[in-house]
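Visitor: Below is the file data.cif, with mmCIF, C-alpha atoms.
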```cif
data_protein
loop_
_atom_site.group_PDB
_atom_site.id
_atom_site.type_symbol
_atom_site.label_atom_id
_atom_site.label_comp_id
_atom_site.auth_asym_id
_atom_site.auth_seq_id
_atom_site.Cartn_x
_atom_site.Cartn_y
_atom_site.Cartn_z
ATOM 1 C CA MET A 12 82.225 122.029 150.914
ATOM 2 C CA ALA A 13 81.742 118.512 149.603
ATOM 3 C CA GLY A 14 78.144 117.761 148.701
ATOM 4 C CA ARG A 15 77.118 121.407 148.946
ATOM 5 C CA THR A 16 76.680 123.822 146.069
ATOM 6 C CA PRO A 17 78.067 127.254 146.911
ATOM 7 C CA ARG A 18 75.597 130.151 146.615
ATOM 8 C CA TRP A 19 77.572 131.821 143.840
ATOM 9 C CA TYR A 20 77.455 128.703 141.686
ATOM 10 C CA SER A 21 73.710 128.336 141.301
ATOM 11 C CA LYS A 22 72.034 129.849 138.258
ATOM 12 C CA ASP A 23 68.611 129.313 139.854
ATOM 13 C CA MET A 24 68.711 132.465 141.971
ATOM 14 C CA GLU A 25 69.081 136.178 141.499
ATOM 15 C CA ARG A 26 72.651 137.340 141.896
ATOM 16 C CA LYS A 27 74.499 140.617 141.658
ATOM 17 C CA ILE A 28 77.481 140.060 139.390
ATOM 18 C CA VAL A 29 80.156 142.741 139.064
ATOM 19 C CA ILE A 30 82.715 142.511 136.289
ATOM 20 C CA THR A 31 85.526 144.993 135.836
ATOM 21 C CA GLY A 32 87.080 145.229 132.398
ATOM 22 C CA ALA A 33 83.810 143.928 130.987
ATOM 23 C CA SER A 34 84.462 145.335 127.513
ATOM 24 C CA SER A 35 87.629 143.269 127.107
ATOM 25 C CA GLU A 36 87.270 139.984 125.266
ATOM 26 C CA ILE A 37 87.770 137.935 128.413
ATOM 27 C CA GLY A 38 85.598 140.185 130.594
ATOM 28 C CA LEU A 39 82.711 140.056 128.134
ATOM 29 C CA ALA A 40 83.048 136.289 127.653
ATOM 30 C CA ILE A 41 82.945 135.743 131.421
ATOM 31 C CA ALA A 42 79.927 138.031 131.765
ATOM 32 C CA LYS A 43 78.031 136.143 129.067
ATOM 33 C CA ARG A 44 78.932 132.781 130.600
ATOM 34 C CA LEU A 45 77.953 133.735 134.170
ATOM 35 C CA ALA A 46 74.777 135.708 133.521
ATOM 36 C CA ALA A 47 71.424 134.030 133.975
ATOM 37 C CA PRO A 48 67.820 135.271 134.022
ATOM 38 C CA GLY A 49 67.167 137.286 137.166
ATOM 39 C CA ASP A 50 70.788 138.355 137.606
ATOM 40 C CA GLU A 51 71.772 141.981 138.023
ATOM 41 C CA LEU A 52 74.968 142.798 136.143
ATOM 42 C CA LEU A 53 77.232 145.747 136.856
ATOM 43 C CA LEU A 54 79.637 145.912 133.926
ATOM 44 C CA GLN A 55 82.566 148.315 134.292
ATOM 45 C CA TYR A 56 84.363 149.467 131.185
ATOM 46 C CA ARG A 57 86.870 152.154 130.227
ATOM 47 C CA SER A 58 86.329 152.032 126.477
ATOM 48 C CA ARG A 59 84.182 150.178 123.921
ATOM 49 C CA PRO A 60 80.821 150.526 125.701
ATOM 50 C CA GLN A 61 78.584 149.034 123.034
ATOM 51 C CA ALA A 62 78.950 145.340 123.949
ATOM 52 C CA CYS A 63 78.558 146.074 127.683
ATOM 53 C CA GLU A 64 75.467 148.191 127.115
ATOM 54 C CA GLU A 65 73.914 145.534 124.867
ATOM 55 C CA LEU A 66 74.520 142.799 127.438
ATOM 56 C CA ALA A 67 73.258 144.928 130.334
ATOM 57 C CA GLY A 68 70.105 145.620 128.328
ATOM 58 C CA GLN A 69 69.283 141.904 128.346
ATOM 59 C CA TYR A 70 69.080 141.736 132.159
ATOM 60 C CA PRO A 71 66.606 144.046 133.954
ATOM 61 C CA GLY A 72 68.268 146.170 136.615
ATOM 62 C CA SER A 73 71.674 145.726 135.012
ATOM 63 C CA ARG A 74 73.909 148.485 133.777
ATOM 64 C CA ALA A 75 77.187 149.265 132.113
ATOM 65 C CA VAL A 76 79.247 151.994 133.746
ATOM 66 C CA LYS A 77 82.223 153.859 132.359
ATOM 67 C CA VAL A 78 84.826 154.113 135.109
ATOM 68 C CA ASP A 79 88.453 155.166 134.817
ATOM 69 C CA LEU A 80 90.011 152.937 137.479
ATOM 70 C CA THR A 81 93.137 155.116 137.524
ATOM 71 C CA ASP A 82 91.053 158.031 138.852
ATOM 72 C CA PRO A 83 90.667 157.776 142.655
ATOM 73 C CA ARG A 84 87.336 159.647 142.648
ATOM 74 C CA GLU A 85 85.811 157.464 139.939
ATOM 75 C CA LEU A 86 87.124 154.365 141.702
ATOM 76 C CA ALA A 87 85.540 155.453 145.006
ATOM 77 C CA ASP A 88 82.218 156.171 143.280
ATOM 78 C CA PHE A 89 82.337 152.731 141.644
ATOM 79 C CA CYS A 90 83.124 151.015 144.965
ATOM 80 C CA ALA A 91 80.040 152.679 146.448
ATOM 81 C CA LEU A 92 77.914 150.658 143.977
ATOM 82 C CA LEU A 93 79.228 147.277 145.099
ATOM 83 C CA GLU A 94 77.143 146.544 148.183
ATOM 84 C CA GLY A 95 75.389 143.201 147.945
ATOM 85 C CA THR A 96 77.736 141.788 145.323
ATOM 86 C CA ASP A 97 77.518 138.005 145.053
ATOM 87 C CA ILE A 98 80.144 137.471 142.359
ATOM 88 C CA LEU A 99 83.103 139.708 141.533
ATOM 89 C CA VAL A 100 85.279 139.200 138.469
ATOM 90 C CA ASN A 101 88.268 141.512 138.213
ATOM 91 C CA ALA A 102 89.110 141.405 134.504
ATOM 92 C CA ALA A 103 90.344 144.999 134.255
ATOM 93 C CA ALA A 104 94.078 145.352 133.745
ATOM 94 C CA VAL A 105 96.640 147.700 132.322
ATOM 95 C CA THR A 106 99.696 146.246 130.626
ATOM 96 C CA ARG A 107 102.639 147.942 129.040
ATOM 97 C CA THR A 108 105.331 145.965 127.322
ATOM 98 C CA GLY A 109 109.004 146.735 127.227
ATOM 99 C CA LEU A 110 111.956 146.923 129.520
ATOM 100 C CA LEU A 111 111.380 148.667 132.823
ATOM 101 C CA PRO A 112 113.845 151.500 132.052
ATOM 102 C CA ASP A 113 111.883 152.196 128.857
ATOM 103 C CA LEU A 114 108.506 152.547 130.602
ATOM 104 C CA SER A 115 107.389 156.027 131.480
ATOM 105 C CA PRO A 116 106.338 156.987 135.003
ATOM 106 C CA VAL A 117 102.817 157.490 133.607
ATOM 107 C CA ASP A 118 102.746 153.905 132.274
ATOM 108 C CA ILE A 119 104.019 152.494 135.559
ATOM 109 C CA GLY A 120 101.535 154.599 137.513
ATOM 110 C CA ALA A 121 98.617 153.366 135.385
ATOM 111 C CA MET A 122 99.630 149.734 135.872
ATOM 112 C CA LEU A 123 99.923 150.163 139.631
ATOM 113 C CA ALA A 124 96.667 152.113 139.854
ATOM 114 C CA VAL A 125 94.555 149.523 138.031
ATOM 115 C CA ASN A 126 96.354 146.255 138.709
ATOM 116 C CA ILE A 127 96.994 146.816 142.417
ATOM 117 C CA ARG A 128 95.164 149.796 143.914
ATOM 118 C CA ALA A 129 91.833 149.404 142.093
ATOM 119 C CA LEU A 130 91.846 145.625 142.507
ATOM 120 C CA THR A 131 92.502 145.958 146.248
ATOM 121 C CA GLU A 132 89.903 148.691 146.823
ATOM 122 C CA ILE A 133 87.224 146.858 144.822
ATOM 123 C CA CYS A 134 87.847 143.611 146.710
ATOM 124 C CA ALA A 135 87.735 145.477 150.034
ATOM 125 C CA ALA A 136 84.405 147.044 149.052
ATOM 126 C CA VAL A 137 82.910 143.648 148.185
ATOM 127 C CA ILE A 138 84.236 141.430 150.960
ATOM 128 C CA PRO A 139 82.187 142.930 153.828
ATOM 129 C CA SER A 140 78.947 142.542 151.887
#
```
Is it possible to give me this structure as C-alpha cells?

Guide:
Amino acid sequence: MAGRTPRWYSKDMERKIVITGASSEIGLAIAKRLAAPGDELLLQYRSRPQACEELAGQYPGSRAVKVDLTDPRELADFCALLEGTDILVNAAAVTRTGLLPDLSPVDIGAMLAVNIRALTEICAAVIPS
C-alpha cells in the first residue's frame, strides 16, 4: 500500500461511517475526529443520546440510533442498516469487574452478547459491502 492512500483515509469524499458505542467518551471522540463534510454517520448508542443526536444533526443524512446490542432482534435490525459502510468503529463494550465466581450469569451473558456476538455479527454485516 506504499504510496497509495486508502479510500477510508481520505476526508475529501463522502463516506458512510458507523460507530457503535458512540455515546461513550471514546466512541464520541472517534466520531468527531473521523467525521468530515459530506460524511453520513450512523451512531449507535444504548444510553445518553444527546451527544450522538447533536453530532448526527451536523451531518446531513446522518442519524443516531438507540440499539440494545444484547437483544438479537435489535442487533439484526441494526445490521440491516450497515450496507455500504466505508468505516466501522466498534466502540461498544460491556465490562463487569470482579472475580468470575462473583459475576452473575446475566453479567456474563451481557458481556458475551456485546463483546463477542454483536461485534462478530456487525463485522460480518459490513465485510461483504

Visitor: Residues within 8 Å of Ile30 in chain A, please, as a list in words. Count only C-alpha atoms; anything in the same chain fewer than 5 positions from it doesn't count.

Guide: Gly38, Ala42, Leu52, Leu53, Leu54, Gln55, Leu99, Val100, Asn101 and Ala102 of chain A

Visitor: What separation in Å, quoted to one decimal, exists between CA of Ser73 in chain A and CA of Leu130 in chain A?

Guide: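 Rounded to one decimal, the two atoms are 21.5 Å apart.
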
Visitor: If we count only C-alpha atoms, what is near Gly120 in chain A at a cut-off of 12 Å, once residues fewer than 3 positions away on the same chain are taken out, given as a ChimeraX atom specification?

Guide: /A:80-82,105-107,114-117,123-129

Visitor: For a test of reading the model, state the distance in Å between CA of Pro60 in chain A and CA of Leu39 in chain A, rounded to one decimal.

Guide: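 That distance, rounded to one decimal, is 10.9 Å.
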
Visitor: What is the distance between CA of Leu66 in chain A and CA of Arg84 in chain A, in Å to one decimal?

Guide: 26.1 Å

Visitor: Between A:Glu85, A:Asp50, A:Ile119, A:Pro112, which is the closest to Gly72 in chain A once you count all atoms listed in the file?

Guide: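 Smallest separation from Gly72 in chain A among the options: A:Asp50.
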
Visitor: If we count all atoms listed in the file and set the cut-off at 7 Å, which residues sit around Gly49 in chain A, ignoring sequence neighbours fewer than 3 positions away in its own chain? Please answer as a VMD selection string.

Guide: chain A and resid 24 to 25 70

Visitor: Could the residues in this selection be written to a file with C-alpha atoms, as a tab-separated table (two decimals), keeping the file's coordinate frame?

Guide:
```
chain	number	residue	atom	x	y	z
A	24	MET	CA	68.71	132.46	141.97
A	25	GLU	CA	69.08	136.18	141.50
A	70	TYR	CA	69.08	141.74	132.16
```

Visitor: Could you pull the residues within 10 Å of Thr96 in chain A, counting only C-alpha atoms, minus those fewer than 4 positions along the same chain, as a list of chain:residue names?

Guide: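 Everything that qualifies: A:Arg26, A:Lys27, A:Ile28, A:Val29, A:Glu51, A:Leu52, A:Leu53, A:Leu92, A:Ala136, A:Val137, A:Ile138, A:Pro139, A:Ser140.
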
Visitor: Nearest residue to Gln69 in chain A out of A:Phe89, A:Ala46, A:Ala103, A:Tyr56, using all atoms listed in the file?

Guide: A:Ala46

Visitor: Have a look at A:Ala121, A:Cys90, A:Leu111, A:Ala75 and name the one nearest to Ala62 in chain A; count only C-alpha atoms.

Guide: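 Counting only C-alpha atoms, the residue closest to Ala62 in chain A is A:Ala75.
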
Visitor: Taking all atoms listed in the file into account, which of A:Met122, A:Arg57, A:Ala87, A:Gly32 comes nearest Thr108 in chain A?

Guide: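 Ranking A:Met122, A:Arg57, A:Ala87, A:Gly32 by distance to Thr108 in chain A, first place goes to A:Met122.
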
Visitor: Starting from the incomplete input, reconstruct N, CA, C and O atoms of range 72-86 of chain A and write that as a PDB file, keeping the file's coordinate frame.

Guide:
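Dumped everything to part00.pdb:
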```pdb
ATOM      1  N   GLY A  72      67.543 145.695 135.442  1.00  0.00           N
ATOM      2  CA  GLY A  72      68.268 146.170 136.615  1.00  0.00           C
ATOM      3  C   GLY A  72      69.767 146.226 136.427  1.00  0.00           C
ATOM      4  O   GLY A  72      70.495 146.682 137.295  1.00  0.00           O
ATOM      5  N   SER A  73      70.236 145.748 135.286  1.00  0.00           N
ATOM      6  CA  SER A  73      71.674 145.726 135.012  1.00  0.00           C
ATOM      7  C   SER A  73      72.104 147.026 134.361  1.00  0.00           C
ATOM      8  O   SER A  73      71.296 147.745 133.780  1.00  0.00           O
ATOM      9  N   ARG A  74      73.408 147.292 134.454  1.00  0.00           N
ATOM     10  CA  ARG A  74      73.909 148.485 133.777  1.00  0.00           C
ATOM     11  C   ARG A  74      75.393 148.369 133.489  1.00  0.00           C
ATOM     12  O   ARG A  74      76.117 147.640 134.147  1.00  0.00           O
ATOM     13  N   ALA A  75      75.785 149.120 132.478  1.00  0.00           N
ATOM     14  CA  ALA A  75      77.187 149.265 132.113  1.00  0.00           C
ATOM     15  C   ALA A  75      77.625 150.644 132.571  1.00  0.00           C
ATOM     16  O   ALA A  75      76.906 151.621 132.357  1.00  0.00           O
ATOM     17  N   VAL A  76      78.775 150.719 133.227  1.00  0.00           N
ATOM     18  CA  VAL A  76      79.247 151.994 133.746  1.00  0.00           C
ATOM     19  C   VAL A  76      80.670 152.251 133.286  1.00  0.00           C
ATOM     20  O   VAL A  76      81.536 151.383 133.372  1.00  0.00           O
ATOM     21  N   LYS A  77      80.883 153.455 132.771  1.00  0.00           N
ATOM     22  CA  LYS A  77      82.223 153.859 132.359  1.00  0.00           C
ATOM     23  C   LYS A  77      82.953 154.389 133.582  1.00  0.00           C
ATOM     24  O   LYS A  77      82.502 155.363 134.201  1.00  0.00           O
ATOM     25  N   VAL A  78      84.044 153.731 133.936  1.00  0.00           N
ATOM     26  CA  VAL A  78      84.826 154.113 135.109  1.00  0.00           C
ATOM     27  C   VAL A  78      86.297 154.045 134.749  1.00  0.00           C
ATOM     28  O   VAL A  78      86.782 153.008 134.287  1.00  0.00           O
ATOM     29  N   ASP A  79      87.001 155.141 134.972  1.00  0.00           N
ATOM     30  CA  ASP A  79      88.453 155.166 134.817  1.00  0.00           C
ATOM     31  C   ASP A  79      89.042 154.715 136.147  1.00  0.00           C
ATOM     32  O   ASP A  79      89.041 155.476 137.123  1.00  0.00           O
ATOM     33  N   LEU A  80      89.508 153.492 136.227  1.00  0.00           N
ATOM     34  CA  LEU A  80      90.011 152.937 137.479  1.00  0.00           C
ATOM     35  C   LEU A  80      91.324 153.557 137.930  1.00  0.00           C
ATOM     36  O   LEU A  80      91.775 153.295 139.045  1.00  0.00           O
ATOM     37  N   THR A  81      91.938 154.399 137.088  1.00  0.00           N
ATOM     38  CA  THR A  81      93.137 155.116 137.524  1.00  0.00           C
ATOM     39  C   THR A  81      92.778 156.398 138.261  1.00  0.00           C
ATOM     40  O   THR A  81      93.637 157.014 138.874  1.00  0.00           O
ATOM     41  N   ASP A  82      91.524 156.797 138.206  1.00  0.00           N
ATOM     42  CA  ASP A  82      91.053 158.031 138.852  1.00  0.00           C
ATOM     43  C   ASP A  82      90.486 157.684 140.233  1.00  0.00           C
ATOM     44  O   ASP A  82      89.461 157.002 140.323  1.00  0.00           O
ATOM     45  N   PRO A  83      91.122 158.135 141.310  1.00  0.00           N
ATOM     46  CA  PRO A  83      90.667 157.776 142.655  1.00  0.00           C
ATOM     47  C   PRO A  83      89.206 158.142 142.935  1.00  0.00           C
ATOM     48  O   PRO A  83      88.503 157.381 143.608  1.00  0.00           O
ATOM     49  N   ARG A  84      88.729 159.249 142.418  1.00  0.00           N
ATOM     50  CA  ARG A  84      87.336 159.647 142.648  1.00  0.00           C
ATOM     51  C   ARG A  84      86.364 158.703 141.930  1.00  0.00           C
ATOM     52  O   ARG A  84      85.370 158.270 142.494  1.00  0.00           O
ATOM     53  N   GLU A  85      86.672 158.397 140.683  1.00  0.00           N
ATOM     54  CA  GLU A  85      85.811 157.464 139.939  1.00  0.00           C
ATOM     55  C   GLU A  85      85.844 156.073 140.573  1.00  0.00           C
ATOM     56  O   GLU A  85      84.816 155.397 140.643  1.00  0.00           O
ATOM     57  N   LEU A  86      87.002 155.666 141.036  1.00  0.00           N
ATOM     58  CA  LEU A  86      87.124 154.365 141.702  1.00  0.00           C
ATOM     59  C   LEU A  86      86.277 154.340 142.978  1.00  0.00           C
ATOM     60  O   LEU A  86      85.549 153.376 143.218  1.00  0.00           O
TER      61      LEU A  86
END
```
